[in-house]
Each structure stands twice: as C-alpha cells, then as structure tokens.
Amino acid sequence: MSLPSGVSIPTECIDAYKQLLYGKKAAKPKFIIYRISDDERSMVVEETSSESDYEAFLKKLTSTLDGHQSSAPRYALYDVEYDLGEDGKRKQTVFISWMPDTTPTRLRMLYASTKEQLRRALDVKVSIHADDVSDIEWKVVLKEASGGRL
C-alpha cells in the first residue's frame, strides 16, 4: 500500500499487528515499534516484544537515536489491559506517534504525513501523539485506552 507521503506500508507491518491482536499467548507481542526506513520509502517493523512492563516499552520507544544522536521519531502499538471492576477486564490497542522536539523539520513532516495512513491501515481507534515523555506516561495511556473511565 503506497501513501501520499511516498512511504509504503508492507504486509509485514500489518501482519505484525494481526499477531498482536490474534496471536497465541506464547507468541503474542505486547507492543510493536515501527519506523520509516532509511531510504524513506517504506515502513519497517523495528521491534516486537512480549515484554509486559510498560516502563521497558517506554524506554525502548523514547531512547532510539537517529544518525545525529538525537531522539528518533517512531510509531508504536501497545496492547493496554485494564480492569473496570464490576464491568470486567478490557483490552485496547493504542497507537502512539512519538515525535521528539529535536526531530528535524523535514523528518517531522514525513512522519506527520504518514501517521494517519498507517493508523487507518491498521484500523486502530485510539491514538496518542507525543512530543514529550510526559505525554505517554502510563496514567495518560490508561486514561486514553479506557475512554476516560480510569
């Protein structure tokens, strides 16, 4: 699938998301981190992990560096599980667009023009844009995933 930004979304990216949604317990990832390839032509699955510690995920997402040793932008999917007490346990996949303030303008524009097309291709309903780590702290993500119920 080719996007207006010129960045294509290969089937591997969609297949990784399907594994997050429908995978068996042992092989089911908890999160996926995507990036735009170095040649800026396609989306790449950078990492999938079954690590359930949100802080470990957050560190991986926000500590990635680009060629200039600045924080690099990324997209991520995180499978949020929460308990609403009497209403039971729920799951919601959250799409996160990580765009550090230090991202160069041209790359910022490329990621911004690709974000919605990727989110739509994956059909993820809940989305968070983050410029700062405080934008994606656990309590913020949990509130978004639960529709403000937590």
# chains A, B, ... in the order shown; residues from 1 in each chain; ligands from 1
$ residues_around --residues "Ala27 in chain A" --least-positions-apart "2" --cutoff "12 Å" --atoms "only C-alpha atoms" --output "ChimeraX atom specification"
/A:16,18-25,29-31,48-51
$ residues_around --residues "range 72-86 of chain A" --least-positions-apart "3" --cutoff "8 Å" --atoms "only C-alpha atoms" --output "short mmCIF file (atom, residue, chain, number, x, y, z; two decimals) with all heavy atoms, in the first residue's frame"
data_model
loop_
_atom_site.label_atom_id
_atom_site.label_comp_id
_atom_site.auth_asym_id
_atom_site.auth_seq_id
_atom_site.Cartn_x
_atom_site.Cartn_y
_atom_site.Cartn_z
N TYR A 17 0.82 -6.50 13.32
CA TYR A 17 -0.33 -6.02 14.08
C TYR A 17 -1.35 -7.13 14.30
O TYR A 17 -1.90 -7.28 15.39
CB TYR A 17 -0.97 -4.83 13.37
CG TYR A 17 -2.22 -4.32 14.03
CD1 TYR A 17 -2.22 -3.93 15.36
CD2 TYR A 17 -3.40 -4.22 13.32
CE1 TYR A 17 -3.37 -3.46 15.98
CE2 TYR A 17 -4.56 -3.74 13.93
CZ TYR A 17 -4.53 -3.37 15.25
OH TYR A 17 -5.67 -2.90 15.86
N LEU A 20 -0.30 -9.22 17.08
CA LEU A 20 -0.59 -8.58 18.37
C LEU A 20 -2.05 -8.79 18.76
O LEU A 20 -2.37 -9.04 19.91
CB LEU A 20 -0.27 -7.08 18.30
CG LEU A 20 -0.47 -6.31 19.59
CD1 LEU A 20 0.77 -5.50 19.90
CD2 LEU A 20 -1.66 -5.40 19.49
N LYS A 30 3.31 -7.80 23.06
CA LYS A 30 2.63 -6.79 23.87
C LYS A 30 2.71 -5.43 23.18
O LYS A 30 1.84 -4.59 23.33
CB LYS A 30 3.28 -6.72 25.26
CG LYS A 30 2.63 -5.77 26.20
CD LYS A 30 1.34 -6.32 26.74
CE LYS A 30 0.80 -5.41 27.83
NZ LYS A 30 -0.51 -5.80 28.26
N PHE A 31 3.81 -5.25 22.42
CA PHE A 31 3.95 -4.00 21.69
C PHE A 31 4.74 -4.19 20.40
O PHE A 31 5.45 -5.18 20.23
CB PHE A 31 4.60 -2.91 22.54
CG PHE A 31 6.04 -3.15 22.92
CD1 PHE A 31 7.08 -2.82 22.06
CD2 PHE A 31 6.36 -3.67 24.16
CE1 PHE A 31 8.40 -3.02 22.42
CE2 PHE A 31 7.67 -3.88 24.53
CZ PHE A 31 8.70 -3.56 23.66
N ILE A 32 4.57 -3.22 19.50
CA ILE A 32 5.28 -3.19 18.22
C ILE A 32 5.79 -1.77 18.04
O ILE A 32 5.06 -0.81 18.29
CB ILE A 32 4.37 -3.53 17.03
CG1 ILE A 32 3.71 -4.90 17.23
CG2 ILE A 32 5.15 -3.48 15.72
CD1 ILE A 32 2.58 -5.18 16.26
N ILE A 33 7.03 -1.64 17.61
CA ILE A 33 7.58 -0.32 17.29
C ILE A 33 7.90 -0.30 15.79
O ILE A 33 8.57 -1.20 15.28
CB ILE A 33 8.85 -0.01 18.11
CG1 ILE A 33 8.49 0.01 19.61
CG2 ILE A 33 9.47 1.32 17.67
CD1 ILE A 33 9.68 0.20 20.53
N TYR A 34 7.38 0.73 15.11
CA TYR A 34 7.59 0.91 13.68
C TYR A 34 8.47 2.14 13.45
O TYR A 34 8.46 3.07 14.25
CB TYR A 34 6.26 1.20 12.97
CG TYR A 34 5.26 0.08 13.00
CD1 TYR A 34 4.21 0.09 13.92
CD2 TYR A 34 5.30 -0.94 12.07
CE1 TYR A 34 3.26 -0.91 13.93
CE2 TYR A 34 4.35 -1.95 12.08
CZ TYR A 34 3.32 -1.92 13.00
OH TYR A 34 2.38 -2.91 13.01
N ARG A 35 9.16 2.13 12.32
CA ARG A 35 9.90 3.31 11.88
C ARG A 35 9.84 3.39 10.37
O ARG A 35 9.51 2.41 9.70
CB ARG A 35 11.35 3.27 12.35
CG ARG A 35 12.19 2.20 11.69
CD ARG A 35 13.65 2.28 12.13
NE ARG A 35 14.43 1.22 11.55
CZ ARG A 35 14.97 1.25 10.34
NH1 ARG A 35 14.82 2.30 9.57
NH2 ARG A 35 15.66 0.22 9.89
N ILE A 36 10.18 4.54 9.85
CA ILE A 36 10.30 4.71 8.40
C ILE A 36 11.71 4.30 8.03
O ILE A 36 12.67 4.65 8.72
CB ILE A 36 9.98 6.16 7.98
CG1 ILE A 36 8.51 6.48 8.28
CG2 ILE A 36 10.30 6.38 6.51
CD1 ILE A 36 8.09 7.90 8.01
N LEU A 61 11.05 2.86 23.26
CA LEU A 61 10.46 3.80 22.30
C LEU A 61 11.17 5.14 22.32
O LEU A 61 11.49 5.70 21.28
CB LEU A 61 8.97 4.00 22.62
CG LEU A 61 8.22 4.98 21.73
CD1 LEU A 61 8.16 4.49 20.30
CD2 LEU A 61 6.82 5.22 22.29
N THR A 62 11.46 5.66 23.49
CA THR A 62 11.97 7.03 23.60
C THR A 62 13.50 7.13 23.58
O THR A 62 14.02 8.24 23.46
CB THR A 62 11.46 7.69 24.89
OG1 THR A 62 11.88 6.92 26.02
CG2 THR A 62 9.94 7.80 24.87
N SER A 63 14.20 6.02 23.65
CA SER A 63 15.67 6.11 23.69
C SER A 63 16.32 5.82 22.34
O SER A 63 17.54 5.88 22.23
CB SER A 63 16.23 5.15 24.74
OG SER A 63 15.96 3.81 24.36
N THR A 64 15.53 5.55 21.31
CA THR A 64 16.10 5.30 19.99
C THR A 64 16.72 6.58 19.45
O THR A 64 16.11 7.64 19.52
CB THR A 64 15.00 4.80 19.03
OG1 THR A 64 14.37 3.66 19.60
CG2 THR A 64 15.57 4.44 17.69
N LEU A 65 17.92 6.46 18.91
CA LEU A 65 18.64 7.62 18.38
C LEU A 65 18.76 7.55 16.86
O LEU A 65 18.86 6.47 16.29
CB LEU A 65 20.04 7.69 18.99
CG LEU A 65 20.11 7.81 20.51
CD1 LEU A 65 21.56 7.80 20.96
CD2 LEU A 65 19.40 9.07 21.00
N ASP A 66 18.77 8.72 16.23
CA ASP A 66 18.98 8.78 14.80
C ASP A 66 20.48 8.89 14.50
O ASP A 66 21.31 8.80 15.41
CB ASP A 66 18.20 9.94 14.18
CG ASP A 66 18.67 11.31 14.65
OD1 ASP A 66 19.76 11.42 15.26
OD2 ASP A 66 17.94 12.29 14.40
N LYS A 89 -12.58 -7.01 32.90
CA LYS A 89 -11.29 -6.66 32.29
C LYS A 89 -11.49 -6.33 30.82
O LYS A 89 -12.32 -6.94 30.15
CB LYS A 89 -10.30 -7.82 32.46
CG LYS A 89 -9.93 -8.05 33.91
CD LYS A 89 -8.89 -9.12 34.05
CE LYS A 89 -8.57 -9.25 35.54
NZ LYS A 89 -7.44 -10.12 35.76
N ARG A 90 -10.69 -5.39 30.36
CA ARG A 90 -10.77 -4.94 28.97
C ARG A 90 -9.38 -4.84 28.37
O ARG A 90 -8.39 -4.76 29.08
CB ARG A 90 -11.43 -3.56 28.88
CG ARG A 90 -12.78 -3.45 29.52
CD ARG A 90 -13.83 -4.13 28.66
NE ARG A 90 -15.08 -4.30 29.36
CZ ARG A 90 -16.06 -3.43 29.42
NH1 ARG A 90 -15.93 -2.27 28.83
NH2 ARG A 90 -17.17 -3.70 30.07
N LYS A 91 -9.36 -4.82 27.03
CA LYS A 91 -8.12 -4.63 26.27
C LYS A 91 -8.37 -3.58 25.21
O LYS A 91 -9.46 -3.53 24.63
CB LYS A 91 -7.73 -5.92 25.56
CG LYS A 91 -6.81 -6.79 26.27
CD LYS A 91 -6.36 -7.86 25.31
CE LYS A 91 -5.77 -8.99 26.09
NZ LYS A 91 -5.27 -10.03 25.23
N GLN A 92 -7.36 -2.78 24.97
CA GLN A 92 -7.46 -1.78 23.91
C GLN A 92 -6.06 -1.56 23.35
O GLN A 92 -5.11 -1.36 24.10
CB GLN A 92 -8.00 -0.45 24.46
CG GLN A 92 -8.15 0.63 23.43
CD GLN A 92 -9.27 0.33 22.46
OE1 GLN A 92 -10.38 0.00 22.84
NE2 GLN A 92 -8.98 0.44 21.18
N THR A 93 -5.94 -1.60 22.04
CA THR A 93 -4.67 -1.31 21.39
C THR A 93 -4.58 0.19 21.18
O THR A 93 -5.52 0.80 20.66
CB THR A 93 -4.54 -2.06 20.05
OG1 THR A 93 -4.68 -3.45 20.30
CG2 THR A 93 -3.19 -1.79 19.42
N VAL A 94 -3.46 0.76 21.59
CA VAL A 94 -3.24 2.20 21.47
C VAL A 94 -2.12 2.45 20.46
O VAL A 94 -1.06 1.82 20.53
CB VAL A 94 -2.87 2.81 22.84
CG1 VAL A 94 -2.55 4.29 22.70
CG2 VAL A 94 -3.99 2.59 23.84
N PHE A 95 -2.38 3.36 19.52
CA PHE A 95 -1.39 3.79 18.53
C PHE A 95 -0.69 5.02 19.09
O PHE A 95 -1.35 5.99 19.47
CB PHE A 95 -2.09 4.13 17.21
CG PHE A 95 -1.17 4.59 16.13
CD1 PHE A 95 -0.56 3.68 15.28
CD2 PHE A 95 -0.92 5.94 15.93
CE1 PHE A 95 0.29 4.10 14.27
CE2 PHE A 95 -0.09 6.37 14.92
CZ PHE A 95 0.52 5.45 14.08
N ILE A 96 0.63 4.97 19.16
CA ILE A 96 1.41 6.09 19.69
C ILE A 96 2.32 6.64 18.60
O ILE A 96 3.06 5.89 17.96
CB ILE A 96 2.25 5.66 20.90
CG1 ILE A 96 1.34 5.17 22.03
CG2 ILE A 96 3.16 6.80 21.37
CD1 ILE A 96 2.08 4.52 23.18
N SER A 97 2.23 7.93 18.40
CA SER A 97 3.14 8.62 17.48
C SER A 97 4.14 9.38 18.34
O SER A 97 3.78 10.37 18.99
CB SER A 97 2.34 9.58 16.60
OG SER A 97 3.21 10.36 15.81
N TRP A 98 5.38 8.93 18.37
CA TRP A 98 6.44 9.55 19.18
C TRP A 98 7.22 10.49 18.28
O TRP A 98 7.86 10.07 17.31
CB TRP A 98 7.33 8.47 19.78
CG TRP A 98 8.59 8.99 20.41
CD1 TRP A 98 9.87 8.71 20.01
CD2 TRP A 98 8.71 9.85 21.55
NE1 TRP A 98 10.76 9.36 20.82
CE2 TRP A 98 10.08 10.07 21.78
CE3 TRP A 98 7.79 10.46 22.39
CZ2 TRP A 98 10.56 10.86 22.81
CZ3 TRP A 98 8.27 11.26 23.42
CH2 TRP A 98 9.63 11.45 23.63
N MET A 99 7.17 11.79 18.59
CA MET A 99 7.83 12.81 17.79
C MET A 99 8.60 13.75 18.71
O MET A 99 8.09 14.79 19.13
CB MET A 99 6.78 13.59 16.99
CG MET A 99 7.36 14.55 16.00
SD MET A 99 8.19 13.77 14.61
CE MET A 99 6.90 12.76 13.96
N PRO A 100 9.83 13.39 19.08
CA PRO A 100 10.60 14.25 19.99
C PRO A 100 10.80 15.65 19.41
O PRO A 100 10.86 15.83 18.19
CB PRO A 100 11.94 13.52 20.12
CG PRO A 100 11.82 12.25 19.39
CD PRO A 100 10.57 12.25 18.60
N THR A 103 13.43 16.43 16.63
CA THR A 103 13.31 15.86 15.29
C THR A 103 13.43 16.97 14.25
O THR A 103 12.73 17.99 14.34
CB THR A 103 11.95 15.15 15.12
OG1 THR A 103 11.83 14.17 16.13
CG2 THR A 103 11.84 14.49 13.76
N ARG A 108 10.12 15.39 10.58
CA ARG A 108 8.86 15.63 11.31
C ARG A 108 7.69 15.65 10.33
O ARG A 108 6.64 15.06 10.57
CB ARG A 108 8.97 16.94 12.08
CG ARG A 108 7.77 17.29 12.92
CD ARG A 108 8.00 18.59 13.68
NE ARG A 108 8.90 18.43 14.79
CZ ARG A 108 8.53 17.99 15.99
NH1 ARG A 108 7.27 17.69 16.20
NH2 ARG A 108 9.40 17.87 16.96
N TYR A 111 7.00 12.04 8.93
CA TYR A 111 6.28 11.21 9.90
C TYR A 111 4.84 11.69 10.08
O TYR A 111 3.92 10.88 10.19
CB TYR A 111 7.02 11.19 11.25
CG TYR A 111 8.00 10.05 11.35
CD1 TYR A 111 9.26 10.13 10.79
CD2 TYR A 111 7.64 8.86 11.99
CE1 TYR A 111 10.16 9.08 10.87
CE2 TYR A 111 8.54 7.80 12.09
CZ TYR A 111 9.78 7.90 11.52
OH TYR A 111 10.66 6.86 11.59
N LYS A 115 1.49 9.31 9.39
CA LYS A 115 0.84 8.82 10.62
C LYS A 115 -0.59 8.34 10.42
O LYS A 115 -0.93 7.20 10.77
CB LYS A 115 0.86 9.92 11.69
CG LYS A 115 0.16 9.51 12.98
CD LYS A 115 0.27 10.58 14.02
CE LYS A 115 -0.91 11.50 13.96
NZ LYS A 115 -0.98 12.41 15.10
N LEU A 142 -3.39 4.83 29.92
CA LEU A 142 -4.50 4.10 30.51
C LEU A 142 -5.81 4.89 30.40
O LEU A 142 -6.86 4.32 30.08
CB LEU A 142 -4.18 3.79 31.98
CG LEU A 142 -5.12 2.86 32.71
CD1 LEU A 142 -5.22 1.51 32.03
CD2 LEU A 142 -4.68 2.68 34.15
N ALA A 145 -6.89 4.71 26.71
CA ALA A 145 -7.34 3.36 26.35
C ALA A 145 -8.72 3.06 26.93
O ALA A 145 -9.54 2.40 26.30
CB ALA A 145 -6.33 2.32 26.84
N SER A 146 -8.98 3.53 28.14
CA SER A 146 -10.26 3.25 28.81
C SER A 146 -11.34 4.26 28.46
O SER A 146 -12.44 4.21 29.01
CB SER A 146 -10.06 3.22 30.33
OG SER A 146 -9.76 4.50 30.82
N ARG A 149 -12.41 6.33 31.53
CA ARG A 149 -13.07 5.64 32.67
C ARG A 149 -12.11 5.34 33.81
O ARG A 149 -12.54 5.02 34.90
CB ARG A 149 -13.74 4.37 32.16
CG ARG A 149 -14.86 4.71 31.18
CD ARG A 149 -15.34 3.52 30.42
NE ARG A 149 -16.21 2.68 31.25
CZ ARG A 149 -16.74 1.56 30.81
NH1 ARG A 149 -16.50 1.13 29.59
NH2 ARG A 149 -17.51 0.85 31.61
N LEU A 150 -10.81 5.42 33.56
CA LEU A 150 -9.81 5.19 34.61
C LEU A 150 -8.93 6.41 34.76
O LEU A 150 -8.69 7.15 33.88
CB LEU A 150 -8.94 3.98 34.28
CG LEU A 150 -9.63 2.63 34.35
CD1 LEU A 150 -8.68 1.54 33.93
CD2 LEU A 150 -10.14 2.34 35.74
#
$ atom_distance --atom1 "CA of Ser134 in chain A" --atom2 "CA of Tyr54 in chain A"
13.6 Å
$ residues_around --residues "Glu55 in chain A" --least-positions-apart "4" --cutoff "9 Å" --atoms "only C-alpha atoms" --output "PDB file with N, CA, C and O atoms, in the first residue's frame"
ATOM      1  N   LYS A  59      10.963   3.051  27.562  1.00  0.00           N
ATOM      2  CA  LYS A  59      12.393   3.304  27.411  1.00  0.00           C
ATOM      3  C   LYS A  59      12.871   2.949  25.998  1.00  0.00           C
ATOM      4  O   LYS A  59      13.617   3.705  25.378  1.00  0.00           O
ATOM      5  N   LYS A  60      12.400   1.806  25.471  1.00  0.00           N
ATOM      6  CA  LYS A  60      12.792   1.412  24.109  1.00  0.00           C
ATOM      7  C   LYS A  60      12.286   2.415  23.085  1.00  0.00           C
ATOM      8  O   LYS A  60      13.001   2.776  22.162  1.00  0.00           O
ATOM      9  N   GLU A 137       3.018   8.854  29.576  1.00  0.00           N
ATOM     10  CA  GLU A 137       3.159   8.169  30.858  1.00  0.00           C
ATOM     11  C   GLU A 137       2.019   7.162  30.969  1.00  0.00           C
ATOM     12  O   GLU A 137       0.954   7.338  30.354  1.00  0.00           O
ATOM     13  N   TRP A 138       2.193   6.142  31.789  1.00  0.00           N
ATOM     14  CA  TRP A 138       1.207   5.072  31.911  1.00  0.00           C
ATOM     15  C   TRP A 138      -0.190   5.592  32.223  1.00  0.00           C
ATOM     16  O   TRP A 138      -1.168   5.170  31.612  1.00  0.00           O
TER      17      TRP A 138
END
$ closest_residue --among "A:Ile9, A:Ala26, A:Arg120, A:Leu58" --to "Asp135 in chain A" --atoms "only C-alpha atoms"
A:Leu58
$ select_by_dssp --residues "range 47-131 of chain A" --states "alpha helix (DSSP H)" --output "list in words"
Tyr54, Glu55, Ala56, Phe57, Leu58, Lys59, Lys60, Leu61, Thr62, Thr105, Arg106, Leu107, Arg108, Met109, Leu110, Tyr111, Ala112, Ser113, Thr114, Lys115, Glu116, Gln117, Leu118, Arg119, Arg120, Ala121 and Leu122 of chain A
$ residues_around --residues "Arg106 in chain A" --least-positions-apart "6" --cutoff "12 Å" --atoms "only C-alpha atoms" --output "PyMOL selection string"
chain A and resi 5+40+73+112-113
$ atom_distance --atom1 "CA of Glu47 in chain A" --atom2 "CA of Lys125 in chain A"
21.5 Å
$ atom_distance --atom1 "CA of Glu12 in chain A" --atom2 "CA of Thr105 in chain A"
28.0 Å
$ closest_residue --among "A:Arg119, A:Gly147, A:Leu110, A:Phe57" --to "Val133 in chain A" --atoms "only C-alpha atoms"
A:Phe57
$ closest_residue --among "A:Val45, A:Pro104, A:Ile14, A:Val7" --to "Val124 in chain A" --atoms "only C-alpha atoms"
A:Ile14
$ select_by_dssp --residues "range 15-130 of chain A" --states "strand (DSSP E)" --output "VMD selection string"
chain A and resid 31 to 36 43 to 49 74 to 83 89 to 98 126 to 130
$ write_last_selection --atoms "N, CA and C atoms" --output "compact mmCIF listing (two decimals), in the first residue's frame"
# COMPACT_ATOMS: atom_id res chain seq x y z
N PHE A 31 3.81 -5.25 22.42
CA PHE A 31 3.95 -4.00 21.69
C PHE A 31 4.74 -4.19 20.40
N ILE A 32 4.57 -3.22 19.50
CA ILE A 32 5.28 -3.19 18.22
C ILE A 32 5.79 -1.77 18.04
N ILE A 33 7.03 -1.64 17.61
CA ILE A 33 7.58 -0.32 17.29
C ILE A 33 7.90 -0.30 15.79
N TYR A 34 7.38 0.73 15.11
CA TYR A 34 7.59 0.91 13.68
C TYR A 34 8.47 2.14 13.45
N ARG A 35 9.16 2.13 12.32
CA ARG A 35 9.90 3.31 11.88
C ARG A 35 9.84 3.39 10.37
N ILE A 36 10.18 4.54 9.85
CA ILE A 36 10.30 4.71 8.40
C ILE A 36 11.71 4.30 8.03
N MET A 43 7.61 1.54 5.46
CA MET A 43 7.50 1.38 6.91
C MET A 43 8.21 0.07 7.26
N VAL A 44 8.86 0.04 8.43
CA VAL A 44 9.60 -1.13 8.88
C VAL A 44 9.17 -1.47 10.31
N VAL A 45 9.01 -2.76 10.57
CA VAL A 45 8.80 -3.20 11.96
C VAL A 45 10.17 -3.22 12.61
N GLU A 46 10.40 -2.30 13.53
CA GLU A 46 11.69 -2.22 14.19
C GLU A 46 11.82 -3.27 15.29
N GLU A 47 10.72 -3.45 16.05
CA GLU A 47 10.78 -4.41 17.15
C GLU A 47 9.37 -4.84 17.55
N THR A 48 9.26 -6.12 17.90
CA THR A 48 8.07 -6.63 18.55
C THR A 48 8.55 -7.30 19.83
N SER A 49 7.75 -7.21 20.87
CA SER A 49 8.17 -7.79 22.13
C SER A 49 6.97 -8.22 22.95
N ARG A 74 9.15 7.64 16.12
CA ARG A 74 8.70 6.27 15.92
C ARG A 74 7.19 6.23 16.04
N TYR A 75 6.61 5.16 15.52
CA TYR A 75 5.22 4.82 15.77
C TYR A 75 5.24 3.56 16.61
N ALA A 76 4.23 3.38 17.44
CA ALA A 76 4.16 2.17 18.25
C ALA A 76 2.71 1.77 18.47
N LEU A 77 2.54 0.49 18.69
CA LEU A 77 1.26 -0.06 19.11
C LEU A 77 1.50 -0.72 20.46
N TYR A 78 0.64 -0.44 21.41
CA TYR A 78 0.76 -1.05 22.73
C TYR A 78 -0.58 -1.64 23.12
N ASP A 79 -0.58 -2.87 23.56
CA ASP A 79 -1.79 -3.59 23.95
C ASP A 79 -2.05 -3.32 25.44
N VAL A 80 -2.97 -2.40 25.72
CA VAL A 80 -3.28 -1.99 27.09
C VAL A 80 -4.38 -2.89 27.66
N GLU A 81 -4.11 -3.45 28.83
CA GLU A 81 -5.10 -4.24 29.54
C GLU A 81 -5.45 -3.50 30.82
N TYR A 82 -6.74 -3.42 31.14
CA TYR A 82 -7.17 -2.72 32.34
C TYR A 82 -8.43 -3.36 32.91
N ASP A 83 -8.71 -3.06 34.16
CA ASP A 83 -9.83 -3.66 34.88
C ASP A 83 -10.81 -2.57 35.29
N LYS A 89 -12.58 -7.01 32.90
CA LYS A 89 -11.29 -6.66 32.29
C LYS A 89 -11.49 -6.33 30.82
N ARG A 90 -10.69 -5.39 30.36
CA ARG A 90 -10.77 -4.94 28.97
C ARG A 90 -9.38 -4.84 28.37
N LYS A 91 -9.36 -4.82 27.03
CA LYS A 91 -8.12 -4.63 26.27
C LYS A 91 -8.37 -3.58 25.21
N GLN A 92 -7.36 -2.78 24.97
CA GLN A 92 -7.46 -1.78 23.91
C GLN A 92 -6.06 -1.56 23.35
N THR A 93 -5.94 -1.60 22.04
CA THR A 93 -4.67 -1.31 21.39
C THR A 93 -4.58 0.19 21.18
N VAL A 94 -3.46 0.76 21.59
CA VAL A 94 -3.24 2.20 21.47
C VAL A 94 -2.12 2.45 20.46
N PHE A 95 -2.38 3.36 19.52
CA PHE A 95 -1.39 3.79 18.53
C PHE A 95 -0.69 5.02 19.09
N ILE A 96 0.63 4.97 19.16
CA ILE A 96 1.41 6.09 19.69
C ILE A 96 2.32 6.64 18.60
N SER A 97 2.23 7.93 18.40
CA SER A 97 3.14 8.62 17.48
C SER A 97 4.14 9.38 18.34
N TRP A 98 5.38 8.93 18.37
CA TRP A 98 6.44 9.55 19.18
C TRP A 98 7.22 10.49 18.28
N VAL A 126 -7.73 4.17 18.98
CA VAL A 126 -7.19 5.08 19.99
C VAL A 126 -5.79 5.50 19.58
N SER A 127 -5.56 6.81 19.55
CA SER A 127 -4.28 7.34 19.09
C SER A 127 -3.79 8.44 20.04
N ILE A 128 -2.48 8.43 20.29
CA ILE A 128 -1.86 9.46 21.12
C ILE A 128 -0.65 10.01 20.37
N HIS A 129 -0.56 11.33 20.29
CA HIS A 129 0.62 11.98 19.73
C HIS A 129 1.46 12.47 20.90
N ALA A 130 2.76 12.16 20.88
CA ALA A 130 3.62 12.54 22.00
C ALA A 130 4.87 13.28 21.51
